[in-house]
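Asks: Structure file my_file-v8.cif (mmCIF, C-alpha atoms) right here:
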```
data_final
loop_
_atom_site.group_PDB
_atom_site.id
_atom_site.type_symbol
_atom_site.label_atom_id
_atom_site.label_comp_id
_atom_site.auth_asym_id
_atom_site.auth_seq_id
_atom_site.Cartn_x
_atom_site.Cartn_y
_atom_site.Cartn_z
ATOM 1 C CA MET U 1 0.000 0.000 0.000
ATOM 2 C CA ASP U 2 1.309 3.450 -0.864
ATOM 3 C CA GLY U 3 1.910 5.675 2.145
ATOM 4 C CA TRP U 4 1.631 3.896 5.495
ATOM 5 C CA TYR U 5 1.449 0.190 6.309
ATOM 6 C CA VAL U 6 1.693 -2.180 9.316
ATOM 7 C CA ASP U 7 4.563 -4.669 9.158
ATOM 8 C CA ASP U 8 4.499 -8.295 10.273
ATOM 9 C CA ARG U 9 5.915 -7.620 13.754
ATOM 10 C CA CYS U 10 2.471 -6.447 14.933
ATOM 11 C CA THR U 11 1.253 -8.356 18.017
ATOM 12 C CA ASN U 12 -2.359 -7.121 17.844
ATOM 13 C CA CYS U 13 -2.015 -5.240 21.140
ATOM 14 C CA ASP U 14 -4.688 -2.658 20.159
ATOM 15 C CA VAL U 15 -2.637 0.398 21.164
ATOM 16 C CA ALA U 16 -2.549 1.903 17.659
ATOM 17 C CA ARG U 17 -6.270 1.344 17.152
ATOM 18 C CA GLN U 18 -7.000 3.224 20.369
ATOM 19 C CA LEU U 19 -5.260 6.294 18.990
ATOM 20 C CA ALA U 20 -6.382 6.215 15.356
ATOM 21 C CA PRO U 21 -9.465 3.962 15.219
ATOM 22 C CA ASP U 22 -10.736 5.405 11.940
ATOM 23 C CA LEU U 23 -7.395 4.817 10.194
ATOM 24 C CA ILE U 24 -6.285 1.496 11.701
ATOM 25 C CA ASP U 25 -8.447 -1.578 12.125
ATOM 26 C CA GLU U 26 -8.048 -5.256 13.006
ATOM 27 C CA GLU U 27 -8.019 -8.021 10.431
ATOM 28 C CA ASN U 28 -7.052 -11.675 10.931
ATOM 29 C CA GLY U 29 -5.431 -11.006 14.285
ATOM 30 C CA THR U 30 -3.335 -8.014 13.277
ATOM 31 C CA SER U 31 -3.667 -4.284 12.768
ATOM 32 C CA ARG U 32 -3.924 -2.893 9.268
ATOM 33 C CA ILE U 33 -4.157 0.551 7.703
ATOM 34 C CA VAL U 34 -7.686 0.919 6.343
ATOM 35 C CA ARG U 35 -7.070 4.288 4.716
ATOM 36 C CA GLN U 36 -4.343 6.893 4.509
ATOM 37 C CA PRO U 37 -4.596 10.131 6.539
ATOM 38 C CA GLU U 38 -6.220 12.917 4.558
ATOM 39 C CA THR U 39 -5.981 15.894 6.938
ATOM 40 C CA GLU U 40 -3.404 17.323 9.307
ATOM 41 C CA GLU U 41 -5.473 16.137 12.262
ATOM 42 C CA GLU U 42 -5.566 12.586 10.893
ATOM 43 C CA ASN U 43 -1.826 12.734 10.255
ATOM 44 C CA ARG U 44 -1.253 13.754 13.886
ATOM 45 C CA ARG U 45 -3.422 10.893 15.149
ATOM 46 C CA LEU U 46 -1.597 8.409 12.949
ATOM 47 C CA HIS U 47 1.747 9.649 14.270
ATOM 48 C CA ALA U 48 0.475 9.198 17.836
ATOM 49 C CA ALA U 49 -0.134 5.548 16.936
ATOM 50 C CA VAL U 50 3.312 5.354 15.329
ATOM 51 C CA PHE U 51 5.112 6.587 18.454
ATOM 52 C CA ALA U 52 3.041 4.469 20.836
ATOM 53 C CA CYS U 53 3.447 1.164 18.945
ATOM 54 C CA HIS U 54 5.765 -1.087 20.946
ATOM 55 C CA THR U 55 7.081 -2.944 17.884
ATOM 56 C CA ARG U 56 7.366 0.200 15.737
ATOM 57 C CA SER U 57 5.289 -1.668 13.149
ATOM 58 C CA ILE U 58 3.468 1.337 11.635
ATOM 59 C CA ARG U 59 5.766 2.523 8.903
ATOM 60 C CA PRO U 60 5.840 4.733 5.808
ATOM 61 C CA THR U 61 6.764 3.014 2.557
ATOM 62 C CA THR U 62 9.510 5.600 2.113
ATOM 63 C CA GLY U 63 11.405 7.765 4.579
ATOM 64 C CA GLN U 64 10.827 7.909 8.321
ATOM 65 C CA PRO U 65 8.049 9.118 10.654
ATOM 66 C CA ASP U 66 8.179 12.821 11.385
ATOM 67 C CA GLN U 67 9.833 13.093 14.817
ATOM 68 C CA ALA U 68 8.326 16.556 15.228
ATOM 69 C CA LEU U 69 4.890 14.895 15.319
ATOM 70 C CA ASP U 70 5.706 12.737 18.355
ATOM 71 C CA PRO U 71 2.942 13.991 20.709
ATOM 72 C CA PHE U 72 4.005 12.257 23.912
ATOM 73 C CA PRO U 73 3.398 12.798 26.712
ATOM 74 C CA MET U 74 -0.061 13.658 25.370
ATOM 75 C CA ALA U 75 -2.720 15.293 27.521
ATOM 76 C CA LEU U 76 -5.934 13.302 27.898
ATOM 77 C CA ASP U 77 -7.392 15.695 30.455
ATOM 78 C CA ASP U 78 -6.160 18.585 32.611
ATOM 79 C CA GLY U 79 -4.842 16.133 35.194
ATOM 80 C CA VAL U 80 -3.487 13.179 33.239
ATOM 81 C CA LEU U 81 -1.216 12.524 30.270
ATOM 82 C CA LEU U 82 -0.646 9.407 28.173
ATOM 83 C CA CYS U 83 3.049 8.515 28.017
ATOM 84 C CA GLY U 84 3.136 6.650 24.691
ATOM 85 C CA HIS U 85 6.354 4.894 23.620
ATOM 86 C CA ASN U 86 4.988 1.582 24.862
ATOM 87 C CA SER U 87 7.511 -1.139 25.589
ATOM 88 C CA PRO U 88 7.780 -4.719 24.316
ATOM 89 C CA ARG U 89 9.033 -5.609 27.808
ATOM 90 C CA THR U 90 5.693 -4.602 29.368
ATOM 91 C CA ALA U 91 3.579 -6.313 26.678
ATOM 92 C CA ALA U 92 2.816 -2.902 25.136
ATOM 93 C CA ALA U 93 1.129 -1.550 28.281
ATOM 94 C CA ASN U 94 -0.036 2.055 28.343
ATOM 95 C CA ALA U 95 1.526 4.283 30.992
ATOM 96 C CA TYR U 96 0.307 7.594 32.383
ATOM 97 C CA LEU U 97 1.431 10.757 34.164
ATOM 98 C CA LEU U 98 -0.823 12.049 36.933
ATOM 99 C CA ARG U 99 -0.487 15.757 37.679
ATOM 100 C CA ARG U 100 -0.828 16.809 41.306
ATOM 101 C CA PRO U 101 -2.043 20.173 42.672
ATOM 102 C CA ASP U 102 1.390 20.976 44.139
ATOM 103 C CA GLY U 103 3.008 20.816 40.687
ATOM 104 C CA THR U 104 4.537 17.371 41.086
ATOM 105 C CA GLN U 105 3.552 14.303 39.113
ATOM 106 C CA MET U 106 3.221 10.547 39.524
ATOM 107 C CA MET U 107 3.945 7.991 36.806
ATOM 108 C CA ILE U 108 1.611 4.996 36.624
ATOM 109 C CA ASP U 109 3.468 2.087 35.011
ATOM 110 C CA THR U 110 6.189 3.168 32.580
ATOM 111 C CA PRO U 111 6.939 3.690 28.911
ATOM 112 C CA ARG U 112 9.972 2.053 27.334
ATOM 113 C CA TRP U 113 13.314 3.139 28.717
ATOM 114 C CA SER U 114 15.655 5.455 26.874
ATOM 115 C CA ARG U 115 17.733 8.291 28.288
ATOM 116 C CA ALA U 116 16.434 10.748 25.711
ATOM 117 C CA LEU U 117 12.849 9.910 26.627
ATOM 118 C CA ALA U 118 13.646 10.050 30.341
ATOM 119 C CA ASP U 119 15.216 13.487 29.925
ATOM 120 C CA ARG U 120 12.028 14.650 28.217
ATOM 121 C CA TYR U 121 10.021 13.643 31.293
ATOM 122 C CA THR U 122 12.520 15.161 33.703
ATOM 123 C CA ALA U 123 12.017 18.493 31.953
ATOM 124 C CA LEU U 124 8.293 18.390 32.766
ATOM 125 C CA GLY U 125 8.902 18.820 36.482
ATOM 126 C CA ARG U 126 9.418 16.631 39.508
ATOM 127 C CA ILE U 127 7.974 13.107 39.368
ATOM 128 C CA THR U 128 7.766 11.833 42.937
ATOM 129 C CA ASP U 129 6.515 8.271 42.467
ATOM 130 C CA VAL U 130 6.455 5.439 39.949
ATOM 131 C CA LEU U 131 3.343 3.376 40.708
ATOM 132 C CA LEU U 132 3.374 -0.148 39.301
ATOM 133 C CA THR U 133 -0.004 -1.817 38.867
ATOM 134 C CA HIS U 134 1.372 -5.382 38.731
ATOM 135 C CA ARG U 135 4.258 -7.616 37.712
ATOM 136 C CA ASP U 136 3.706 -7.574 33.926
ATOM 137 C CA HIS U 137 4.441 -3.836 33.835
ATOM 138 C CA ALA U 138 7.465 -3.765 36.153
ATOM 139 C CA ALA U 139 10.320 -4.216 33.664
ATOM 140 C CA HIS U 140 11.527 -0.598 33.543
ATOM 141 C CA GLY U 141 10.249 0.568 36.918
ATOM 142 C CA ARG U 142 13.527 0.675 38.822
ATOM 143 C CA ARG U 143 15.406 2.415 36.043
ATOM 144 C CA TRP U 144 12.748 5.107 35.643
ATOM 145 C CA ALA U 145 12.487 5.637 39.398
ATOM 146 C CA ASP U 146 16.243 5.983 39.793
ATOM 147 C CA HIS U 147 16.543 8.429 36.918
ATOM 148 C CA LEU U 148 13.664 10.531 38.242
ATOM 149 C CA GLY U 149 14.674 10.313 41.908
ATOM 150 C CA ALA U 150 11.241 8.812 42.548
ATOM 151 C CA ARG U 151 9.862 6.118 44.861
ATOM 152 C CA LEU U 152 8.953 2.804 43.234
ATOM 153 C CA TRP U 153 5.730 1.108 44.429
ATOM 154 C CA ILE U 154 4.440 -2.451 43.999
ATOM 155 C CA HIS U 155 2.177 -4.849 45.918
ATOM 156 C CA GLU U 156 3.744 -7.614 47.991
ATOM 157 C CA GLY U 157 1.964 -10.225 45.865
ATOM 158 C CA ASP U 158 4.130 -9.271 42.887
ATOM 159 C CA LEU U 159 7.198 -8.173 44.831
ATOM 160 C CA ASP U 160 9.476 -10.671 43.119
ATOM 161 C CA ALA U 161 9.020 -8.626 39.918
ATOM 162 C CA ALA U 162 10.431 -5.523 41.659
ATOM 163 C CA PRO U 163 12.232 -6.793 44.774
ATOM 164 C CA ASP U 164 14.038 -3.477 45.264
ATOM 165 C CA ALA U 165 10.834 -1.401 45.362
ATOM 166 C CA ASP U 166 10.947 1.515 47.792
ATOM 167 C CA ARG U 167 7.339 1.134 48.954
ATOM 168 C CA VAL U 168 5.527 -2.197 49.291
ATOM 169 C CA ILE U 169 1.722 -2.273 49.413
ATOM 170 C CA ARG U 170 0.513 -5.025 51.753
ATOM 171 C CA GLY U 171 -2.767 -6.795 52.341
ATOM 172 C CA LEU U 172 -6.148 -6.053 50.785
ATOM 173 C CA ASP U 173 -7.170 -2.773 52.417
ATOM 174 C CA PRO U 174 -7.044 0.500 50.458
ATOM 175 C CA VAL U 175 -4.186 2.797 51.453
ATOM 176 C CA GLU U 176 -3.776 6.532 50.850
ATOM 177 C CA ILE U 177 -0.341 6.944 49.295
ATOM 178 C CA GLY U 178 -0.530 10.671 48.630
ATOM 179 C CA ALA U 179 -2.968 13.543 48.906
ATOM 180 C CA GLY U 180 -6.026 12.462 46.941
ATOM 181 C CA VAL U 181 -4.407 9.219 45.707
ATOM 182 C CA THR U 182 -5.407 5.792 47.040
ATOM 183 C CA VAL U 183 -4.198 2.323 46.092
ATOM 184 C CA HIS U 184 -6.744 -0.516 46.085
ATOM 185 C CA PRO U 185 -5.343 -4.073 46.032
ATOM 186 C CA LEU U 186 -7.228 -6.069 43.402
ATOM 187 C CA PRO U 187 -5.780 -9.598 43.124
ATOM 188 C CA GLY U 188 -7.008 -11.528 40.144
ATOM 189 C CA HIS U 189 -5.137 -10.730 36.940
ATOM 190 C CA THR U 190 -2.028 -11.362 39.018
ATOM 191 C CA ARG U 191 -1.703 -12.019 42.725
ATOM 192 C CA GLY U 192 -0.363 -8.518 43.312
ATOM 193 C CA SER U 193 -2.556 -6.490 40.954
ATOM 194 C CA VAL U 194 -3.721 -3.104 42.235
ATOM 195 C CA LEU U 195 -5.507 -0.059 40.910
ATOM 196 C CA TYR U 196 -4.800 3.559 41.774
ATOM 197 C CA LEU U 197 -7.653 6.007 42.328
ATOM 198 C CA ALA U 198 -6.966 9.743 42.139
ATOM 199 C CA ASP U 199 -9.250 12.613 43.110
ATOM 200 C CA ASP U 200 -12.424 10.518 42.630
ATOM 201 C CA ARG U 201 -11.821 11.165 38.942
ATOM 202 C CA TYR U 202 -9.072 8.939 37.544
ATOM 203 C CA CYS U 203 -8.945 5.143 37.923
ATOM 204 C CA PHE U 204 -5.705 3.519 36.750
ATOM 205 C CA THR U 205 -6.734 -0.118 36.521
ATOM 206 C CA GLY U 206 -3.644 -1.906 35.244
ATOM 207 C CA ASP U 207 -4.988 -5.058 33.614
ATOM 208 C CA SER U 208 -7.890 -5.633 36.017
ATOM 209 C CA PHE U 209 -10.557 -4.100 33.767
ATOM 210 C CA TYR U 210 -10.759 -1.819 30.744
ATOM 211 C CA TRP U 211 -13.117 -0.196 28.241
ATOM 212 C CA SER U 212 -13.958 -2.553 25.381
ATOM 213 C CA ARG U 213 -14.873 -0.786 22.142
ATOM 214 C CA SER U 214 -16.358 -3.979 20.729
ATOM 215 C CA LEU U 215 -18.695 -4.329 23.718
ATOM 216 C CA GLY U 216 -19.217 -0.633 24.368
ATOM 217 C CA ASP U 217 -18.727 -1.307 28.071
ATOM 218 C CA LEU U 218 -16.312 -2.100 30.867
ATOM 219 C CA ALA U 219 -14.772 -5.565 30.533
ATOM 220 C CA VAL U 220 -12.319 -7.942 32.183
ATOM 221 C CA ALA U 221 -9.770 -9.865 30.117
ATOM 222 C CA ASP U 222 -10.776 -13.244 31.523
ATOM 223 C CA SER U 223 -8.802 -15.056 28.810
ATOM 224 C CA VAL U 224 -5.620 -13.374 30.064
ATOM 225 C CA THR U 225 -6.018 -13.827 33.809
ATOM 226 C CA TRP U 226 -2.794 -15.296 35.137
ATOM 227 C CA TYR U 227 -3.744 -15.761 38.792
ATOM 228 C CA SER U 228 -7.473 -16.366 39.301
ATOM 229 C CA ILE U 229 -10.703 -15.150 37.728
ATOM 230 C CA GLU U 230 -12.512 -16.142 40.940
ATOM 231 C CA GLU U 231 -10.161 -13.898 42.926
ATOM 232 C CA LEU U 232 -10.760 -11.061 40.476
ATOM 233 C CA ALA U 233 -14.531 -11.472 40.924
ATOM 234 C CA ALA U 234 -14.079 -11.374 44.706
ATOM 235 C CA SER U 235 -11.808 -8.322 44.434
ATOM 236 C CA LEU U 236 -14.361 -6.415 42.370
ATOM 237 C CA ALA U 237 -17.168 -7.363 44.763
ATOM 238 C CA ARG U 238 -15.111 -6.088 47.698
ATOM 239 C CA THR U 239 -13.948 -2.908 45.983
ATOM 240 C CA ALA U 240 -16.550 -1.690 43.473
ATOM 241 C CA ASP U 241 -18.680 0.285 45.932
ATOM 242 C CA ARG U 242 -15.572 2.070 47.243
ATOM 243 C CA LEU U 243 -14.644 3.449 43.845
ATOM 244 C CA ARG U 244 -15.900 6.690 42.339
ATOM 245 C CA PHE U 245 -14.278 7.839 39.108
ATOM 246 C CA GLU U 246 -14.935 9.377 35.697
ATOM 247 C CA TRP U 247 -11.954 8.035 33.735
ATOM 248 C CA VAL U 248 -11.022 4.370 33.335
ATOM 249 C CA LEU U 249 -7.329 4.323 32.398
ATOM 250 C CA PRO U 250 -6.083 0.749 31.863
ATOM 251 C CA GLY U 251 -2.741 -0.696 30.909
ATOM 252 C CA HIS U 252 -4.317 -2.787 28.151
ATOM 253 C CA GLY U 253 -7.600 -2.004 26.451
ATOM 254 C CA ASP U 254 -9.143 1.353 25.709
ATOM 255 C CA ARG U 255 -9.753 4.397 27.908
ATOM 256 C CA ARG U 256 -13.111 6.044 28.527
ATOM 257 C CA HIS U 257 -14.509 9.167 30.192
ATOM 258 C CA LEU U 258 -18.077 9.046 31.516
ATOM 259 C CA PRO U 259 -19.992 10.689 34.365
ATOM 260 C CA ALA U 260 -19.109 9.124 37.728
ATOM 261 C CA ALA U 261 -22.637 7.793 38.309
ATOM 262 C CA GLU U 262 -22.579 6.036 34.944
ATOM 263 C CA MET U 263 -19.162 4.526 35.655
ATOM 264 C CA SER U 264 -20.411 3.261 39.011
ATOM 265 C CA ARG U 265 -23.420 1.621 37.386
ATOM 266 C CA ARG U 266 -21.263 -0.065 34.766
ATOM 267 C CA LEU U 267 -18.721 -1.218 37.351
ATOM 268 C CA ARG U 268 -21.443 -2.842 39.442
ATOM 269 C CA ALA U 269 -22.740 -4.620 36.337
ATOM 270 C CA LEU U 270 -19.200 -5.762 35.471
ATOM 271 C CA THR U 271 -18.809 -7.122 38.988
ATOM 272 C CA GLU U 272 -21.953 -9.207 38.556
ATOM 273 C CA ARG U 273 -20.833 -10.495 35.146
ATOM 274 C CA THR U 274 -17.386 -11.422 36.415
ATOM 275 C CA GLN U 275 -18.912 -13.570 39.154
ATOM 276 C CA THR U 276 -20.377 -15.824 36.437
ATOM 277 C CA LEU U 277 -17.020 -16.468 34.726
ATOM 278 C CA SER U 278 -15.063 -19.697 35.063
ATOM 279 C CA PRO U 279 -11.316 -20.291 34.706
ATOM 280 C CA ARG U 280 -10.131 -20.749 31.133
ATOM 281 C CA PRO U 281 -6.786 -21.282 29.392
ATOM 282 C CA VAL U 282 -4.793 -18.164 28.625
ATOM 283 C CA ASP U 283 -5.647 -17.055 25.108
ATOM 284 C CA PHE U 284 -4.549 -13.618 23.936
ATOM 285 C CA ALA U 285 -6.559 -13.941 20.728
ATOM 286 C CA ALA U 286 -9.799 -14.181 22.704
ATOM 287 C CA VAL U 287 -9.592 -10.683 24.221
ATOM 288 C CA ARG U 288 -12.498 -8.514 23.037
ATOM 289 C CA TRP U 289 -10.890 -5.139 22.363
#
```
Could you rewrite the structure in this file as structure tokens?
Replies:
Amino acid sequence: MDGWYVDDRCTNCDVARQLAPDLIDEENGTSRIVRQPETEEENRRLHAAVFACHTRSIRPTTGQPDQALDPFPMALDDGVLLCGHNSPRTAAANAYLLRRPDGTQMMIDTPRWSRALADRYTALGRITDVLLTHRDHAAHGRRWADHLGARLWIHEGDLDAAPDADRVIRGLDPVEIGAGVTVHPLPGHTRGSVLYLADDRYCFTGDSFYWSRSLGDLAVADSVTWYSIEELAASLARTADRLRFEWVLPGHGDRRHLPAAEMSRRLRALTERTQTLSPRPVDFAAVRW
């Protein structure tokens, strides 16, 4: 195809389709370009997908992507930015920057590591904490935390993935880890999975649940639950009524902004649906993006 194409390294992670859904679609278990960008806005959205893709699979037939169109970190809202530059070592997980009222920031999971990228984030201001949601996203945590002079957090259930973490979350009770920021242990996807709730507005869910475009609703990736779907159901039942948020911001799967009351209703319904699920073999191809 003239212009842009997706090469055969694509792992069907969905990240590019989140950023340019009208330009990139899924076919036979891979992403494909369905049409070339026609406007400057479409070109910017395509470049966001280019610089988020963890395999760098979205390529022009000639030349190179325009580095000046790298939008990351990219504001999603006044208080949160999408990091982009997803890493193959975190299975292409999305990472975020949470802005705090005092001018500092927290990083939730991490993008890929490079010194040039790290220097870009350092220039944004002080980042006090790197908050890991679970073991699958821990690969670069220590290196980012050390470069930023930040504290690295993980739950004890996944501590072997970051044994040198500075702060260890223990047990199942929610804990306030900063002004307006609470961690809620949510074992299920992994034994040490957690979510971070900020300002009753932002919910960073790791891989516990996400917004599914195909379903038009909140969903759990029950076909990629490493620890226990029964534990995840129990975690949601214990936690759902404690959560109030407007943004669901997952590691894998799409993001969504809805009124808090609507999110609460959908989360309660998801909790009920998850209680009906049974264990199944891990199958990445079965995830309903």
Asks: Of the candidates U:Leu82, U:Thr61, U:Val34, U:Ala286, which shows the shortest atom-to-atom distance to U:Asp7, using all atoms listed in the file?
Replies: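 Ranking U:Leu82, U:Thr61, U:Val34, U:Ala286 by distance to U:Asp7, first place goes to U:Thr61.
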Asks: May I have the residues within 10 Å of U:Trp144 as a PDB file with C-alpha atoms, in the frame of the given file, using only C-alpha atoms and disregarding those fewer than 4 positions away in the same chain?
Replies:
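Everything below was put into around05.pdb:
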```
ATOM      1  CA  MET U 107       3.945   7.991  36.806  1.00  0.00           C
ATOM      2  CA  ASP U 109       3.468   2.087  35.011  1.00  0.00           C
ATOM      3  CA  THR U 110       6.189   3.168  32.580  1.00  0.00           C
ATOM      4  CA  PRO U 111       6.939   3.690  28.911  1.00  0.00           C
ATOM      5  CA  ARG U 112       9.972   2.053  27.334  1.00  0.00           C
ATOM      6  CA  TRP U 113      13.314   3.139  28.717  1.00  0.00           C
ATOM      7  CA  SER U 114      15.655   5.455  26.874  1.00  0.00           C
ATOM      8  CA  ARG U 115      17.733   8.291  28.288  1.00  0.00           C
ATOM      9  CA  ALA U 118      13.646  10.050  30.341  1.00  0.00           C
ATOM     10  CA  TYR U 121      10.021  13.643  31.293  1.00  0.00           C
ATOM     11  CA  ASP U 129       6.515   8.271  42.467  1.00  0.00           C
ATOM     12  CA  VAL U 130       6.455   5.439  39.949  1.00  0.00           C
ATOM     13  CA  ALA U 139      10.320  -4.216  33.664  1.00  0.00           C
ATOM     14  CA  HIS U 140      11.527  -0.598  33.543  1.00  0.00           C
ATOM     15  CA  LEU U 148      13.664  10.531  38.242  1.00  0.00           C
ATOM     16  CA  GLY U 149      14.674  10.313  41.908  1.00  0.00           C
ATOM     17  CA  ALA U 150      11.241   8.812  42.548  1.00  0.00           C
ATOM     18  CA  ARG U 151       9.862   6.118  44.861  1.00  0.00           C
ATOM     19  CA  LEU U 152       8.953   2.804  43.234  1.00  0.00           C
TER      20      LEU U 152
END
```
Asks: When you draw a straight line from atom CA of U:His147 to atom CA of U:Pro250, how long is it in Å?
Replies: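 Atom CA of U:His147 sits 24.4 Å away from atom CA of U:Pro250.
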Asks: Write out as a ChimeraX atom specification each polymer residue whose atoms come within 12 Å of U:Asp166, counting only C-alpha atoms; drop sequence neighbours fewer than 3 positions from it.
Replies: /U:128-132,141-142,145-146,149-156,159,162-163,169
Asks: Write out as a list in words which residues come within 10 Å of U:Leu277 when counting only C-alpha atoms, dropping same-chain ones fewer than 3 positions away.
Replies: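 So the residues in contact are Asp222, Ile229, Glu230, Ala233, Glu272, Arg273, Thr274 and Arg280 of chain U.
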Asks: Write out N, CA, C and O atoms for stretch 215-233 of chain U, as a compact mmCIF listing (two decimals), keeping the file's coordinate frame.
Replies:
```txt
# COMPACT_ATOMS: atom_id res chain seq x y z
N LEU U 215 -17.52 -4.14 22.87
CA LEU U 215 -18.70 -4.33 23.72
C LEU U 215 -19.39 -3.02 24.06
O LEU U 215 -20.54 -3.02 24.48
N GLY U 216 -18.67 -1.92 23.94
CA GLY U 216 -19.22 -0.63 24.37
C GLY U 216 -19.44 -0.58 25.86
O GLY U 216 -20.42 0.03 26.33
N ASP U 217 -18.52 -1.20 26.62
CA ASP U 217 -18.73 -1.31 28.07
C ASP U 217 -17.41 -1.66 28.76
O ASP U 217 -16.42 -2.00 28.09
N LEU U 218 -17.43 -1.59 30.09
CA LEU U 218 -16.31 -2.10 30.87
C LEU U 218 -16.21 -3.61 30.70
O LEU U 218 -17.23 -4.31 30.57
N ALA U 219 -14.98 -4.13 30.73
CA ALA U 219 -14.77 -5.56 30.53
C ALA U 219 -13.55 -6.01 31.33
O ALA U 219 -12.67 -5.22 31.67
N VAL U 220 -13.52 -7.31 31.64
CA VAL U 220 -12.32 -7.94 32.18
C VAL U 220 -11.75 -8.86 31.10
O VAL U 220 -12.49 -9.43 30.30
N ALA U 221 -10.43 -8.98 31.08
CA ALA U 221 -9.77 -9.86 30.12
C ALA U 221 -9.65 -11.25 30.74
O ALA U 221 -8.59 -11.67 31.18
N ASP U 222 -10.78 -11.97 30.81
CA ASP U 222 -10.78 -13.24 31.52
C ASP U 222 -9.93 -14.29 30.82
O ASP U 222 -9.49 -15.26 31.44
N SER U 223 -9.66 -14.10 29.52
CA SER U 223 -8.80 -15.06 28.81
C SER U 223 -7.32 -14.78 29.04
O SER U 223 -6.47 -15.54 28.58
N VAL U 224 -7.01 -13.69 29.72
CA VAL U 224 -5.62 -13.37 30.06
C VAL U 224 -5.56 -13.05 31.56
O VAL U 224 -5.11 -11.98 31.97
N THR U 225 -6.05 -13.97 32.35
CA THR U 225 -6.02 -13.83 33.81
C THR U 225 -5.04 -14.87 34.35
O THR U 225 -5.33 -16.06 34.34
N TRP U 226 -3.88 -14.39 34.77
CA TRP U 226 -2.79 -15.30 35.14
C TRP U 226 -3.00 -15.95 36.50
O TRP U 226 -2.56 -17.08 36.72
N TYR U 227 -3.64 -15.26 37.42
CA TYR U 227 -3.74 -15.76 38.79
C TYR U 227 -5.07 -16.47 39.03
O TYR U 227 -5.11 -17.68 39.21
N SER U 228 -6.20 -15.73 38.98
CA SER U 228 -7.47 -16.37 39.30
C SER U 228 -8.63 -15.46 38.94
O SER U 228 -8.75 -14.34 39.47
N ILE U 229 -9.52 -15.93 38.06
CA ILE U 229 -10.70 -15.15 37.73
C ILE U 229 -11.66 -15.11 38.92
O ILE U 229 -12.36 -14.11 39.13
N GLU U 230 -11.68 -16.17 39.74
CA GLU U 230 -12.51 -16.14 40.94
C GLU U 230 -12.03 -15.08 41.92
O GLU U 230 -12.84 -14.38 42.54
N GLU U 231 -10.71 -14.95 42.05
CA GLU U 231 -10.16 -13.90 42.93
C GLU U 231 -10.48 -12.51 42.37
O GLU U 231 -10.75 -11.58 43.13
N LEU U 232 -10.42 -12.36 41.06
CA LEU U 232 -10.76 -11.06 40.48
C LEU U 232 -12.23 -10.72 40.75
O LEU U 232 -12.55 -9.58 41.09
N ALA U 233 -13.11 -11.70 40.62
CA ALA U 233 -14.53 -11.47 40.92
C ALA U 233 -14.70 -11.05 42.37
O ALA U 233 -15.46 -10.11 42.68
```
